[in-house]
Amino acid sequence: MKLVIGHLYPRLMNMYADRGNVICLERRCRWRGIDVVVRGIHPGPLADAGDLDLLLIGGGQDREQLLASQDLFESKHAVLRSAIEDGLVVLAVCGGYQLFGEFYRDHTGAELRGIEALPAYTVHPGADRPRCIGNVITEWRGQKLVGFENHGGRTYLRDPASALARVVSGFGNNGEDGTEGAQRLNVYGTYLHGSLLPKNPAFADHLLGRALERRYGVTTLPPLDDALENAAHQRCLEVAGG
Amino acid sequence: MVDTLFSFSALRRVLAILAARAAGAVSRRLRRGGGTALPGLIAESVAPTLLGFLLDQVPAGAIFITGTNGKTTTAALLRDILNAAGQPVLHNATGSNLTRGVLSMLLEHSAWHGRLRLAPTCMAVLELDEAAIVHALRQHRPRCVVVTNLFRDQLDRYGEVQTIAAGLRTAFARLTESTALLLNGDDPLVASLGEESAGPVHYFGLDDLRLAREGVELAADSHYCPRDAQPLDYNAAYYGHLGSYTCNACGWRRPERAVRATEVDLHGLAGADVTLAFPEATVQATLGVPGLYNVYNALAAAGAAWYVGVKPEAIRQGLAHTAPAFGRAEAVAVSGRTAWLLLIKNPVGANQVLRLLVAEEGPLHILAILQDRAADGHDVSWIWDVDFEELADATFTAGGRRAEDMAVRLKYTGAAEVTVTRPIAQAFDEALARVAPGGTLFVLATYTGMLALRSVWAERGLVRRFWEAEP
Ligand SMILES: [Zn+2]
C-alpha cells in the first residue's frame, strides 16, 4: 500500500509548525509498512489531484495567506473541489482552515475568497480586538483533542452540526458558541496547531484510516506504541487545565 | 533638562529612584534573580520618562541593539571592542532587554536626584527587544541603532515578523539625522527598514560563497520582496532567509554593505576565523563565539564600532576577547565529563546551533530542555520547524515543563531512544550518566530552561550566578 500526501504551500503557509502534521503522518505510515510519498504543492497550475490521498495546509502570515488565497482560486479551485467531492482527506489548520471555508473578511472589510469546501466563514472583528491565543482542549468523538491556537479571525459555521469538536477550554472557532473546527465529507478544518497530530495520535490515525479506506477499502490500522504521544497529550491537558 | 529639582516631574523622578533602590535592596537580600528587573519596573511605573532622562546624560551617547537573534552576543562583542579601544561602556549585561532592565542598570549609576555618575567618555551599549526599542526610541535619540535580523520568534508573544518590522519602520521613520541605522543587509526585511530614515544608513553582511546552502531553509520567513511581495531570487542563501537576493520583478536587491565578512572559516564550537572588510582596511579576526550566526553578530558589533570611529585594527583586537554570553555556548567540566549549554529559542536560531553539533565528532548525547513560560513562549509548536532530523543518531534525553512534547518531536526524527525526565536537575544528572567518562553532553535549552540549569550549576559551584557572571 502507498499513500500520497500533498503538502499545500509548504513555504507560504508554514507559520505554526504544521510541518509536524506531515512528519507525523509520514512516520506513522512507515512504522506500519505503508509506503508514503510527500509532495509539496506550490503556487502555479495543478493539473490533477486524483492521485492525492491526503492534503495538508497550515497557517501563514497575512501577506502569505493573501498570495495563497489568490493562487488557490486561480490555479487549484476546480481540481481540488472535485477531489474533495471524491473523498480526498484534507486537514486544514488555522489560516488554511479559513481558506477552505467560504471567505475571510479582514479587519478593513476586504474579503479573501475561500474555496467553499467547508460551510464556514471567517470575520476579523477589528485590529483593536484581541487575538485568540492559548492552549485549547476540545472534545471530539468522546475523546479530547489538545493543541494551541493563535488567530485573529472568528469563524462561524452555517450549520452547528458541522463543527469538528466542542470547546472544553480555550476559544475555538469564535470564542462564543463553543464550537471548534469544521468537517464536511473528509475535509477537516481546525484552529489547533501545536503540532496537532503528533500529540493527538488517535486523530492522526483517524485521518490515515479515512485515506486508506477510500483508496484500498482498509478499515483497521495496526496499533503503534504511543506511550510518548499519549504522555504529551496528557501533559497538554494538564498545562491547558491550568 | 529644563525641570528643576523642585518641579513635579523632578519630584516624581526622585520618588521613582528611591522606590527602585529600596526594591533592589530587598530583592537582592532575598536573592531573587539578583534584582535585575524589579527596580526598573517600579521606577518606570512611577516616572514613565525616566529612561530618556537618564540616557540623555550618557556622555558619549547610546547604541541600541535589537533584532530577533544575537542581541546579547552582539552587545557583548561591541562592549569588548569598545573597551579594547579604551572606551568606557555601560552595558545591560544580564540579558534583561526590556526597558525596565535597562532602567535598573542605569539606576545603579544614578544619584538619588537622577544625575548619572559616569566616566566623562562613557558610552551606553544597550540590548532591547523588538517591542522595547520602539518604546525607548520615543524617549531618547541614540547615536546608532543596530538590527541583527528578524526571524520568526515566539508568535504568541511577539506576533508576526511583518508586524514587528512595521513597528520598527514607523519608529525609524521618526528618527532625525543624528541617529544612524546599522542594518543586516543580508536580511531582506531588515535591509528594507532603512528606507525612510533621515539619518545615515549602513549595512553589514557576508560574502563567502563557500558557505552558501542550497535554497532558503524551510524555517525561513521573509524571503519575499518587501516592495511587491514577489519571491526573492537568492544567488546565495546562508541561513534562514539571510543571503544575497534580488527581486526579479522590481529589481530591488541586497544593498551595498560597508562592513563585510569576505572569508569565514568555522571551527565548530571553538569559534571562527573571519576576514573583515571595512571601507578603509581589511583585517583577520579570530572569534571565540561559534557558528555562522555569531559571525553575523560579530559583523553587527564591528559595524557599530566602525561607525563610532573605532579603527579596524582595534576592532580585530576587541573581537578576540569575547567569550559567549552566558548560556549561549558555555561549557563546564563535571564528573569527568564536559557539559555544553546552548540556548535555543526559535527555529532559525536552533537550526544554527544544531549545525554546530552535527560538526562534532563521536556519538552525540543530547539533553533537550523545553519550557513554555512567558519568556520561552507558551506555544511550543516551533520545535517542529527545527531540523532535529540532522541529529537522529544521537542519544536523547528530554527535560523541562514540556519534556513530553520535545520527546515526541525527537521520536519522530526516527531516533532510536528518547528518555523523558521533566525535572531539570534530575534530567541533567541522568543525561550526564549516559555519557562515558571523558565524553560530552550537549544541553539545548529554551530561555527559562537555560536559567534553571545554570542555577543548578551555580548551586553546585560549577558557574557563577548570572548576575555575577559579568564584571
Ligand atoms: Zn520586488
# chains A, B, ... in the order shown; residues from 1 in each chain; ligands from 1
call {"tool": "residues_around", "arguments": {"residues": "Pro279 in chain B", "least_positions_apart": "5", "cutoff": "12 Å", "atoms": "only C-alpha atoms", "output": "list of chain:residue names"}}
result
B:His202, B:Tyr203, B:Phe204, B:Glu256, B:Arg257, B:Ala258, B:Val259, B:Arg260, B:Gly303, B:Trp306, B:Tyr307, B:Lys311, B:Pro312
call {"tool": "residues_near_ligand", "arguments": {"ligand": "ligand 1", "cutoff": "10 Å", "atoms": "only C-alpha atoms and all ligand atoms", "output": "VMD selection string"}}
result
chain B and resid 224 to 232 246 to 253
call {"tool": "residues_around", "arguments": {"residues": "Ile164 in chain B", "least_positions_apart": "6", "cutoff": "9 Å", "atoms": "only C-alpha atoms", "output": "PyMOL selection string"}}
result
chain B and resi 130-131+150+158
call {"tool": "write_last_selection", "arguments": {"atoms": "C-alpha atoms", "output": "PDB file, in the first residue's frame"}}
result
ATOM      1  CA  GLU B 130      11.822  44.423  19.324  1.00  0.00           C
ATOM      2  CA  ALA B 131       8.983  45.969  21.315  1.00  0.00           C
ATOM      3  CA  LEU B 150      14.248  39.413  12.047  1.00  0.00           C
ATOM      4  CA  TYR B 158       5.678  38.987  19.564  1.00  0.00           C
TER       5      TYR B 158
END
call {"tool": "atom_distance", "arguments": {"atom1": "CA of Tyr239 in chain B", "atom2": "CA of Leu56 in chain A"}}
result
26.1 Å
call {"tool": "interface_residues", "arguments": {"of": "chain A", "to": "chain B", "cutoff": "10 Å", "atoms": "only C-alpha atoms", "output": "ChimeraX atom specification"}}
result
/A:10-12,14-21,23-28,31,60-64,67,131-135,147-151,193-196,198-199,226-236,239
call {"tool": "residues_around", "arguments": {"residues": "range 92-103 of chain A", "least_positions_apart": "3", "cutoff": "9 Å", "atoms": "only C-alpha atoms", "output": "PyMOL selection string"}}
result
chain A and resi 13+16+18+55-62+65+68-69+72+111-123+149-151+153+155+181-182+187-193+196
call {"tool": "select_by_dssp", "arguments": {"residues": "range 92-189 of chain A", "states": "alpha helix (DSSP H)", "output": "VMD selection string"}}
result
chain A and resid 95 to 100
